[in-house]
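Engineer: Sharing model-v1.txt, compact mmCIF, C-alpha atoms and all ligand atoms:
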```
# COMPACT_ATOMS: atom_id res chain seq x y z
CA MET P 1147 -24.14 -4.24 -3.47
CA ILE P 1148 -22.55 -2.65 -0.41
CA LEU P 1149 -22.54 0.89 -1.70
CA ASP P 1150 -24.62 2.42 -4.47
CA VAL P 1151 -24.05 6.16 -4.82
CA ASP P 1152 -25.38 8.70 -7.29
CA ILE P 1153 -25.01 12.32 -6.13
CA ARG P 1154 -25.43 15.67 -7.84
CA HIS P 1155 -24.67 18.54 -5.56
CA GLN P 1156 -23.69 22.16 -6.00
CA GLN P 1157 -21.53 23.61 -3.23
CA GLY P 1158 -20.56 27.23 -3.96
CA ALA P 1159 -18.61 27.09 -7.21
CA PHE P 1160 -17.98 23.34 -6.85
CA ALA P 1161 -20.19 20.87 -8.69
CA LEU P 1162 -20.18 17.25 -7.56
CA HIS P 1163 -21.59 14.66 -9.92
CA ALA P 1164 -20.45 11.32 -8.63
CA ARG P 1165 -21.85 7.94 -9.45
CA PHE P 1166 -20.34 4.62 -8.42
CA GLN P 1167 -21.09 1.23 -6.95
CA SER P 1168 -18.86 -0.89 -4.79
CA ASP P 1169 -19.13 -4.31 -3.24
CA GLY P 1170 -15.64 -4.22 -1.74
CA LYS P 1171 -14.95 -4.80 1.93
CA LEU P 1172 -12.79 -1.67 1.94
CA THR P 1173 -13.56 0.98 -0.66
CA ALA P 1174 -10.99 3.76 -0.95
CA LEU P 1175 -11.99 7.20 -2.21
CA PHE P 1176 -8.92 8.74 -3.81
CA GLY P 1177 -8.48 12.15 -5.40
CA PRO P 1178 -6.68 15.45 -5.04
CA SER P 1179 -7.66 18.05 -2.49
CA GLY P 1180 -11.02 19.55 -3.36
CA SER P 1181 -12.13 16.68 -5.62
CA GLY P 1182 -15.20 15.98 -3.49
CA LYS P 1183 -14.23 13.01 -1.28
CA THR P 1184 -15.41 14.54 1.99
CA THR P 1185 -18.60 15.83 0.38
CA ILE P 1186 -19.41 12.24 -0.66
CA VAL P 1187 -18.82 10.75 2.80
CA ASN P 1188 -20.79 13.61 4.34
CA ALA P 1189 -23.70 12.92 2.01
CA VAL P 1190 -23.60 9.21 2.92
CA SER P 1191 -23.53 9.92 6.65
CA GLY P 1192 -26.17 12.66 6.46
CA LEU P 1193 -23.95 15.63 7.34
CA VAL P 1194 -24.64 17.12 3.89
CA GLN P 1195 -28.04 17.08 2.20
CA PRO P 1196 -27.34 16.66 -1.52
CA ASP P 1197 -29.47 18.48 -4.12
CA HIS P 1198 -30.20 15.28 -6.05
CA ALA P 1199 -29.13 11.84 -4.93
CA ARG P 1200 -29.81 8.18 -4.47
CA ILE P 1201 -27.63 6.54 -1.85
CA ALA P 1202 -28.06 2.93 -0.73
CA VAL P 1203 -25.91 1.02 1.76
CA GLN P 1204 -26.18 -2.78 1.79
CA GLY P 1205 -29.43 -2.48 -0.18
CA ARG P 1206 -30.99 -0.03 2.31
CA VAL P 1207 -31.92 3.28 0.69
CA LEU P 1208 -30.74 6.18 2.86
CA VAL P 1209 -31.41 8.98 0.40
CA ASP P 1210 -33.61 9.14 -2.66
CA THR P 1211 -34.48 12.73 -3.47
CA LYS P 1212 -36.93 11.62 -6.19
CA LYS P 1213 -38.93 9.68 -3.61
CA SER P 1214 -38.34 12.21 -0.82
CA ILE P 1215 -36.46 9.60 1.21
CA ASP P 1216 -33.95 11.10 3.62
CA VAL P 1217 -33.22 8.82 6.57
CA PRO P 1218 -32.21 10.99 9.55
CA LYS P 1219 -28.52 10.72 10.33
CA HIS P 1220 -28.93 9.01 13.71
CA ARG P 1221 -30.95 6.25 11.99
CA ARG P 1222 -28.47 5.63 9.18
CA ARG P 1223 -26.21 3.38 11.25
CA ILE P 1224 -23.06 4.86 9.78
CA GLY P 1225 -19.91 4.91 11.89
CA TYR P 1226 -17.64 7.90 11.29
CA VAL P 1227 -13.96 8.12 12.18
CA PHE P 1228 -12.43 11.55 11.73
CA GLN P 1229 -8.85 12.61 11.14
CA GLU P 1230 -8.39 13.37 14.82
CA GLY P 1231 -10.12 10.81 17.03
CA ARG P 1232 -12.44 13.26 18.83
CA LEU P 1233 -12.52 11.18 21.99
CA PHE P 1234 -14.05 12.55 25.19
CA PRO P 1235 -11.06 13.73 27.26
CA HIS P 1236 -12.77 13.28 30.64
CA LEU P 1237 -13.78 9.66 29.98
CA SER P 1238 -11.58 6.57 30.19
CA VAL P 1239 -11.00 4.51 27.05
CA ARG P 1240 -13.55 1.97 28.35
CA HIS P 1241 -16.23 4.64 28.73
CA ASN P 1242 -15.37 6.23 25.40
CA LEU P 1243 -15.93 2.80 23.84
CA LEU P 1244 -19.16 2.19 25.69
CA PHE P 1245 -20.41 5.62 24.64
CA GLY P 1246 -20.73 4.23 21.11
CA ARG P 1247 -23.30 1.71 22.40
CA TRP P 1248 -25.62 4.18 24.09
CA PHE P 1249 -27.16 5.15 20.79
CA THR P 1250 -27.85 1.59 19.73
CA GLN P 1251 -31.01 -0.11 20.90
CA ARG P 1252 -30.27 -3.07 23.16
CA ASN P 1253 -31.86 -5.57 20.77
CA GLU P 1254 -29.79 -4.25 17.86
CA ARG P 1255 -26.45 -4.63 19.65
CA LYS P 1256 -24.36 -7.22 17.88
CA ALA P 1257 -20.76 -6.08 18.12
CA GLY P 1258 -19.13 -7.77 21.11
CA PHE P 1259 -17.13 -5.44 23.36
CA ASP P 1260 -14.40 -8.01 23.97
CA HIS P 1261 -14.14 -8.92 20.30
CA VAL P 1262 -13.78 -5.29 19.21
CA VAL P 1263 -11.20 -4.66 21.94
CA GLU P 1264 -9.24 -7.71 20.85
CA LEU P 1265 -9.51 -6.88 17.14
CA LEU P 1266 -8.00 -3.44 17.73
CA GLY P 1267 -5.49 -4.49 20.40
CA ILE P 1268 -6.66 -1.93 22.96
CA GLY P 1269 -7.30 -4.17 25.99
CA HIS P 1270 -4.35 -2.73 27.93
CA LEU P 1271 -5.60 0.83 27.40
CA LEU P 1272 -9.11 0.50 28.83
CA ASP P 1273 -8.51 2.40 32.07
CA ARG P 1274 -6.42 5.19 30.53
CA ARG P 1275 -7.56 8.69 29.56
CA PRO P 1276 -7.23 9.82 25.90
CA SER P 1277 -4.57 12.42 26.80
CA THR P 1278 -2.18 9.59 27.75
CA LEU P 1279 -2.54 7.76 24.40
CA SER P 1280 -0.41 8.02 21.27
CA GLY P 1281 -2.04 9.27 18.05
CA GLY P 1282 -2.29 5.72 16.69
CA GLU P 1283 -3.83 4.39 19.92
CA LYS P 1284 -6.39 7.21 19.93
CA GLN P 1285 -7.42 6.31 16.39
CA ARG P 1286 -7.80 2.63 17.31
CA VAL P 1287 -10.08 3.64 20.19
CA ALA P 1288 -12.05 5.96 17.89
CA ILE P 1289 -12.52 3.07 15.44
CA GLY P 1290 -13.62 0.80 18.29
CA ARG P 1291 -16.14 3.35 19.49
CA ALA P 1292 -17.62 3.63 16.00
CA LEU P 1293 -17.79 -0.18 15.65
CA LEU P 1294 -19.56 -0.66 18.97
CA ALA P 1295 -22.47 1.41 17.68
CA ASP P 1296 -23.10 -1.52 15.27
CA PRO P 1297 -22.82 0.47 12.05
CA GLN P 1298 -23.82 -0.86 8.64
CA LEU P 1299 -20.86 0.99 7.19
CA LEU P 1300 -17.75 2.56 8.66
CA LEU P 1301 -16.61 5.84 7.09
CA MET P 1302 -13.02 6.85 7.71
CA ASP P 1303 -12.06 10.29 6.45
CA GLU P 1304 -8.25 10.30 6.31
CA PRO P 1305 -8.05 8.67 9.73
CA LEU P 1306 -4.27 8.40 9.57
CA ALA P 1307 -3.45 11.78 8.06
CA SER P 1308 -2.22 13.30 11.31
CA LEU P 1309 0.05 10.35 12.12
CA ASP P 1310 3.70 9.96 11.17
CA ASP P 1311 4.82 7.00 9.05
CA ALA P 1312 5.82 4.86 12.05
CA ARG P 1313 2.38 5.29 13.65
CA LYS P 1314 0.67 4.61 10.35
CA SER P 1315 2.53 1.32 9.96
CA GLU P 1316 1.47 0.43 13.48
CA ILE P 1317 -2.21 0.90 12.71
CA TYR P 1318 -2.37 -0.68 9.21
CA PRO P 1319 -2.48 -4.28 10.52
CA TYR P 1320 -5.53 -3.39 12.64
CA ILE P 1321 -7.35 -1.93 9.66
CA GLU P 1322 -6.48 -5.08 7.71
CA ARG P 1323 -7.97 -7.21 10.47
CA LEU P 1324 -11.03 -5.01 10.57
CA ARG P 1325 -11.41 -5.40 6.81
CA ASP P 1326 -11.01 -9.18 6.94
CA GLN P 1327 -12.66 -10.06 10.24
CA GLY P 1328 -14.77 -7.07 11.25
CA GLY P 1329 -17.87 -7.86 9.22
CA VAL P 1330 -18.54 -4.13 8.63
CA PRO P 1331 -17.72 -2.67 5.19
CA ILE P 1332 -15.39 0.33 5.26
CA VAL P 1333 -15.09 3.46 3.12
CA LEU P 1334 -11.66 5.06 3.51
CA VAL P 1335 -10.78 8.52 2.21
CA SER P 1336 -7.08 8.59 1.40
CA HIS P 1337 -4.52 10.71 -0.41
CA SER P 1338 -1.92 7.99 -0.39
CA VAL P 1339 -1.61 5.43 -3.16
CA ALA P 1340 0.67 3.32 -0.93
CA GLU P 1341 -2.07 3.23 1.70
CA ILE P 1342 -4.71 2.29 -0.85
CA ALA P 1343 -2.45 -0.38 -2.36
CA ARG P 1344 -2.05 -1.88 1.07
CA LEU P 1345 -5.63 -1.70 2.34
CA ALA P 1346 -8.26 -1.24 -0.37
CA THR P 1347 -10.27 -3.96 -2.06
CA SER P 1348 -12.07 -1.40 -4.30
CA VAL P 1349 -11.00 2.06 -5.41
CA VAL P 1350 -12.97 5.08 -6.60
CA VAL P 1351 -10.82 7.82 -8.17
CA LEU P 1352 -12.27 11.34 -8.16
CA SER P 1353 -11.24 14.44 -10.03
CA GLU P 1354 -13.03 17.78 -9.89
CA GLY P 1355 -16.23 16.29 -8.54
CA ARG P 1356 -16.41 13.41 -11.04
CA VAL P 1357 -15.57 9.73 -10.82
CA VAL P 1358 -12.77 9.02 -13.29
CA ALA P 1359 -12.33 5.34 -12.40
CA SER P 1360 -13.83 2.78 -10.07
CA GLY P 1361 -13.47 -0.96 -9.58
CA PRO P 1362 -11.41 -3.62 -7.82
CA ALA P 1363 -8.17 -2.16 -6.40
CA ALA P 1364 -5.90 -4.34 -8.53
CA GLU P 1365 -7.76 -3.24 -11.67
CA VAL P 1366 -7.74 0.48 -10.94
CA LEU P 1367 -4.22 0.79 -9.53
CA ARG P 1368 -2.51 -0.60 -12.58
CA HIS P 1369 -3.68 2.28 -14.76
CA THR P 1370 -1.21 4.94 -13.75
CA ASN P 1371 -2.93 7.73 -15.69
CA PHE P 1372 -5.78 7.76 -13.12
CA PHE P 1373 -3.25 8.90 -10.54
CA GLU P 1374 -1.68 11.76 -12.44
CA GLN P 1375 -2.18 14.20 -9.60
CA GLY P 1376 0.05 13.14 -6.75
CA GLY P 1377 0.07 9.42 -7.24
CA LEU P 1378 1.48 8.81 -10.68
CA THR P 1379 4.81 7.48 -9.49
CA GLU P 1380 3.10 5.33 -6.88
CA ALA P 1381 0.62 3.43 -9.04
CA GLY P 1382 1.24 -0.10 -10.25
CA ALA P 1383 0.14 -3.71 -10.09
CA LEU P 1384 -1.15 -5.47 -6.98
CA ILE P 1385 -0.41 -9.15 -6.84
CA GLU P 1386 -0.78 -11.82 -4.20
CA ALA P 1387 2.30 -13.71 -3.03
CA ARG P 1388 3.12 -16.19 -0.27
CA VAL P 1389 6.22 -16.09 1.95
CA LEU P 1390 8.29 -19.03 0.70
CA ARG P 1391 11.46 -18.78 2.80
CA HIS P 1392 13.75 -16.37 4.58
CA ASP P 1393 17.40 -16.12 3.64
CA GLU P 1394 19.10 -15.07 6.87
CA ARG P 1395 22.54 -14.79 5.32
CA TYR P 1396 21.59 -12.07 2.87
CA GLU P 1397 18.63 -10.74 4.88
CA LEU P 1398 16.19 -11.43 2.11
CA THR P 1399 12.74 -13.02 1.92
CA GLU P 1400 11.58 -15.04 -1.05
CA LEU P 1401 7.96 -14.69 -2.11
CA GLN P 1402 6.05 -16.98 -4.42
CA ALA P 1403 3.60 -15.33 -6.80
CA ARG P 1404 1.94 -16.79 -9.88
CA ALA P 1405 4.34 -14.65 -11.87
CA GLY P 1406 7.38 -16.34 -10.30
CA THR P 1407 9.53 -15.88 -7.22
CA LEU P 1408 10.41 -12.45 -5.87
CA SER P 1409 13.26 -11.57 -3.51
CA VAL P 1410 12.59 -8.68 -1.17
CA PRO P 1411 14.40 -7.26 1.86
CA ARG P 1412 13.79 -9.51 4.92
CA LEU P 1413 10.16 -9.37 6.06
CA PRO P 1414 8.88 -10.15 9.56
CA HIS P 1415 6.00 -12.35 8.34
CA PRO P 1416 6.22 -16.12 8.95
CA VAL P 1417 6.64 -18.60 6.09
CA GLY P 1418 3.26 -19.32 4.48
CA THR P 1419 1.77 -15.84 5.07
CA SER P 1420 -0.20 -14.57 2.12
CA LEU P 1421 0.71 -10.99 1.22
CA ARG P 1422 -0.46 -8.40 -1.26
CA VAL P 1423 2.52 -6.88 -3.01
CA ARG P 1424 2.57 -3.66 -4.97
CA LEU P 1425 4.85 -3.53 -8.00
CA ARG P 1426 5.14 0.14 -8.93
CA ALA P 1427 4.99 0.67 -12.67
CA ARG P 1428 7.94 3.06 -12.53
CA ASP P 1429 10.16 0.41 -10.88
CA ILE P 1430 9.86 -2.05 -13.74
CA ILE P 1431 12.18 -2.29 -16.72
CA LEU P 1432 11.33 -4.39 -19.76
CA SER P 1433 13.76 -6.57 -21.65
CA LEU P 1434 13.18 -8.63 -24.78
CA ARG P 1435 15.65 -11.30 -23.65
CA ALA P 1436 16.25 -12.99 -20.31
CA PRO P 1437 18.88 -10.73 -18.77
CA GLU P 1438 22.27 -12.02 -17.68
CA GLY P 1439 24.86 -10.45 -15.41
CA LEU P 1440 22.35 -8.13 -13.84
CA SER P 1441 22.26 -7.13 -10.18
CA ALA P 1442 18.45 -6.97 -10.00
CA LEU P 1443 17.10 -10.07 -8.26
CA ASN P 1444 13.66 -10.28 -9.77
CA VAL P 1445 12.98 -11.18 -13.36
CA LEU P 1446 9.45 -12.17 -14.31
CA PRO P 1447 8.79 -13.60 -17.78
CA GLY P 1448 5.48 -12.68 -19.39
CA PHE P 1449 3.58 -11.39 -22.39
CA ILE P 1450 2.36 -7.92 -23.27
CA SER P 1451 -1.42 -7.90 -22.94
CA SER P 1452 -1.96 -4.26 -23.96
CA ILE P 1453 -0.29 -0.89 -24.26
CA ASP P 1454 -2.20 2.03 -22.74
CA GLU P 1455 -1.62 5.25 -24.62
CA ALA P 1456 -2.08 7.88 -21.98
CA GLY P 1457 -0.56 10.74 -23.99
CA GLY P 1458 2.77 12.37 -23.13
CA ALA P 1459 6.19 10.77 -23.19
CA SER P 1460 5.26 7.66 -21.18
CA VAL P 1461 2.94 4.72 -21.72
CA ASP P 1462 1.72 1.89 -19.50
CA VAL P 1463 2.66 -1.53 -20.82
CA GLN P 1464 0.28 -4.10 -19.29
CA LEU P 1465 1.76 -7.58 -18.92
CA ASP P 1466 0.48 -11.02 -18.10
CA CYS P 1467 3.16 -12.79 -16.07
CA GLY P 1468 1.89 -16.33 -15.42
CA GLY P 1469 -1.61 -15.01 -14.75
CA ASP P 1470 -0.49 -12.09 -12.57
CA PRO P 1471 -1.13 -8.66 -14.09
CA VAL P 1472 2.02 -6.51 -14.04
CA VAL P 1473 2.40 -3.01 -15.48
CA ALA P 1474 5.53 -1.16 -16.55
CA ARG P 1475 5.65 2.57 -17.23
CA VAL P 1476 8.12 3.11 -20.05
CA THR P 1477 8.83 5.87 -22.52
CA ARG P 1478 7.04 5.99 -25.84
CA ARG P 1479 10.47 5.93 -27.42
CA SER P 1480 11.30 2.56 -25.78
CA VAL P 1481 8.03 1.14 -27.11
CA GLU P 1482 9.11 2.08 -30.62
CA GLU P 1483 12.77 1.11 -30.32
CA LEU P 1484 12.03 -2.29 -28.77
CA GLY P 1485 9.04 -2.88 -31.07
CA LEU P 1486 6.76 -3.56 -28.08
CA LYS P 1487 3.29 -4.74 -29.01
CA SER P 1488 0.47 -6.94 -27.70
CA GLY P 1489 1.37 -10.62 -27.54
CA LEU P 1490 5.14 -10.07 -27.46
CA ALA P 1491 7.12 -12.10 -24.89
CA VAL P 1492 9.15 -9.88 -22.55
CA HIS P 1493 10.92 -10.02 -19.19
CA ALA P 1494 9.95 -7.61 -16.43
CA ILE P 1495 12.90 -6.68 -14.23
CA ILE P 1496 12.30 -5.33 -10.73
CA LYS P 1497 14.94 -4.26 -8.26
CA SER P 1498 14.43 -5.99 -4.92
CA ILE P 1499 14.90 -2.71 -3.12
CA ALA P 1500 11.96 -1.27 -5.05
CA PHE P 1501 9.51 -3.13 -2.80
CA ASP P 1502 7.98 -0.69 -0.42
CA PRO P 1503 7.34 -2.31 2.96
CA GLU P 1504 4.64 0.32 3.62
CA ALA P 1505 2.57 -1.11 0.82
CA LEU P 1506 3.10 -4.78 1.69
CA GLY P 1507 -0.12 -5.85 3.31
CA VAL P 1508 -1.57 -9.10 4.53
CA ALA P 1509 -3.93 -10.47 1.88
CA GLY P 1510 -7.60 -10.79 2.83
CA GLN P 1511 -8.56 -14.07 4.46
CA LYS P 1512 -11.31 -16.26 3.13
CA ASN P 1513 -12.91 -17.17 6.48
CA ILE P 1514 -14.52 -13.93 7.49
CA ARG P 1515 -15.70 -13.83 11.07
CA ASN P 1516 -18.58 -11.62 12.03
CA LEU P 1517 -18.54 -9.14 14.84
CA ARG P 1518 -20.77 -11.38 16.90
CA PRO P 1519 -19.55 -12.39 20.31
N1 LIG A 1 -19.87 24.67 2.57
C1 LIG A 1 -19.25 24.85 1.41
N2 LIG A 1 -19.56 25.88 0.59
C2 LIG A 1 -18.96 26.07 -0.59
N3 LIG A 1 -18.01 25.24 -1.08
C3 LIG A 1 -17.66 24.20 -0.31
C4 LIG A 1 -18.24 23.95 0.96
N4 LIG A 1 -17.68 22.81 1.46
C5 LIG A 1 -16.78 22.40 0.56
N5 LIG A 1 -16.76 23.21 -0.51
C6 LIG A 1 -15.94 23.06 -1.72
O1 LIG A 1 -16.28 21.80 -2.31
C7 LIG A 1 -15.12 21.22 -2.92
C8 LIG A 1 -14.97 19.78 -2.49
O2 LIG A 1 -14.61 19.72 -1.15
P1 LIG A 1 -14.32 18.37 -0.39
O3 LIG A 1 -14.03 18.71 1.03
O4 LIG A 1 -15.41 17.40 -0.65
O5 LIG A 1 -13.01 17.87 -1.12
P2 LIG A 1 -11.98 16.74 -0.71
O6 LIG A 1 -11.73 15.94 -1.94
O7 LIG A 1 -12.47 15.99 0.49
O8 LIG A 1 -10.71 17.59 -0.34
P3 LIG A 1 -9.56 17.34 0.78
O9 LIG A 1 -8.77 16.18 0.31
O10 LIG A 1 -8.79 18.63 0.74
O11 LIG A 1 -10.25 17.09 2.09
C9 LIG A 1 -13.95 22.13 -2.58
O12 LIG A 1 -13.69 22.93 -3.70
C10 LIG A 1 -14.47 22.98 -1.43
O13 LIG A 1 -13.86 24.24 -1.44
```
Would you encode the structure as structure tokens?
Structural biologist:
Amino acid sequence: MILDVDIRHQQGAFALHARFQSDGKLTALFGPSGSGKTTIVNAVSGLVQPDHARIAVQGRVLVDTKKSIDVPKHRRRIGYVFQEGRLFPHLSVRHNLLFGRWFTQRNERKAGFDHVVELLGIGHLLDRRPSTLSGGEKQRVAIGRALLADPQLLLMDEPLASLDDARKSEIYPYIERLRDQGGVPIVLVSHSVAEIARLATSVVVLSEGRVVASGPAAEVLRHTNFFEQGGLTEAGALIEARVLRHDERYELTELQARAGTLSVPRLPHPVGTSLRVRLRARDIILSLRAPEGLSALNVLPGFISSIDEAGGASVDVQLDCGGDPVVARVTRRSVEELGLKSGLAVHAIIKSIAFDPEALGVAGQKNIRNLRP
């Protein structure tokens, strides 16, 4: 188990009682402002001393209040990347990066400088000062500095929150590479469902200091009711699809998923690339018959596997489309009028334009390289 957390902590009027486990390579902590995300990462890193807790990272117990275990923060081997990079302004990028190593004993140093630099694409920045870098470049350097201290876990507390969308898109591929090739598990605090859909392998959803859901990203994201505050319209299924071909004439790309083929606006990825695709529940319409004369390009046949009654006017209809889980958020009235029930064959219709390029990420690779030189 990468992360095993059980914390009870009173902070003024706020009570945190969070318990979860994760063995994901990138665990996202999601929840509205004030739900306790930062308090959790602070307790893991040692910045907050919880009242009662047991926290283990990769099997190593960092805190166990019952046994009076409280590993000092400099011995925890936790890398921390803050919202703003907090680089040393008077040092070059190279020296900012090397600073991360000074706290690691020589015989414990495993992360290779060149490998980290290559992974984050910062080789051309090494002689520059932080003041000359863009926000996204600063964050990549901050991540590199944390990695070079050879952490057992990398905590990122909204590392992209101060960046605009263009800068975020620039940095996502590096975080994907870090997740797939970095060899260090990551905990990412995020407010954005699109970001989580793109990057996370596991998700923990918090509300008012409690864990309301946790598990593999694809499992958690398809239950839209967990995302009522802020993310409801963003939640949906995560499926894996391969780039099949590009259609230059119409500027479309065809993707092959287990559920069928999907046409999306032209993507830059080469044929054969494996992608994770988010299908937002709100973008899916259900039909009992195969539609004809429709302008939507994507129709996936499937069966209803369950109907989640979340209360209110809408329900989540969970589908099995050729082995891919798909979820449609429809009105309770449609469920009644169409006679939707488990086992019924339906067609899920998705507009091609509904695919959000922000949330289209490269799927994790099987051959994980370690951070060894
Ligand atoms: N030192 C403190 N004393 C009293 N209350 C605190 C203290 N620090 C945080 N809190 C409260 O604890 C709660 C949880 O805060 P926390 O920062 O963990 O939330 P969060 O989910 O990270 O929020 P955000 O997304 O806004 O960063 C909030 O209600 C906050 O006001």
Engineer: If we count only C-alpha atoms and set the cut-off at 12 Å, which residues sit around Glu1354 of chain P, ignoring sequence neighbours fewer than 4 positions away in its own chain? Please answer as number ranges by chain.
Structural biologist: P: 1159-1164, 1176-1183, 1185, 1358, 1375
Engineer: For segment 1488-1492 of chain P, list every protein, DNA or RNA residue within 6 Å, evaluated using all atoms listed in the file, and leave out those in the same chain fewer than 2 positions away; present the list as a list in words.
Structural biologist: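 These residues fall inside the cut-off: Ser1433, Leu1434, Gly1448, Phe1449, Ile1450, Ser1451 and Ser1452 of chain P.
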Engineer: Using only C-alpha atoms, which protein or nucleic acid residues come within 8 Å of Ser1191 of chain P? Drop anything in the same chain fewer than 6 positions from it, and give the result as a list in words.
Structural biologist: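 Residues near the query, excluding close chain neighbours: Lys1219, Arg1222, Ile1224 and Tyr1226 of chain P.
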Engineer: P:Val1333, P:Leu1345, P:Val1194, P:Val1239: which is nearest ligand LIG 1 (chain A), counting only C-alpha atoms and all ligand atoms?
Structural biologist: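 Result for the nearest residue to ligand LIG 1 (chain A): P:Val1194.
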Engineer: My list of candidates is P:Glu1264, P:Asp1303, P:Glu1482, P:Asp1273. Which is closest to ligand LIG 1 (chain A) when distances are computed with only C-alpha atoms and all ligand atoms?
Structural biologist: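 Counting only C-alpha atoms and all ligand atoms, the residue closest to ligand LIG 1 (chain A) is P:Asp1303.
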Engineer: One number please: atom CA of Gly1485 of chain P to atom CA of Leu1425 of chain P, in Å, one decimal.
Structural biologist: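 Going from atom CA of Gly1485 of chain P over to atom CA of Leu1425 of chain P, I get 23.5 Å.
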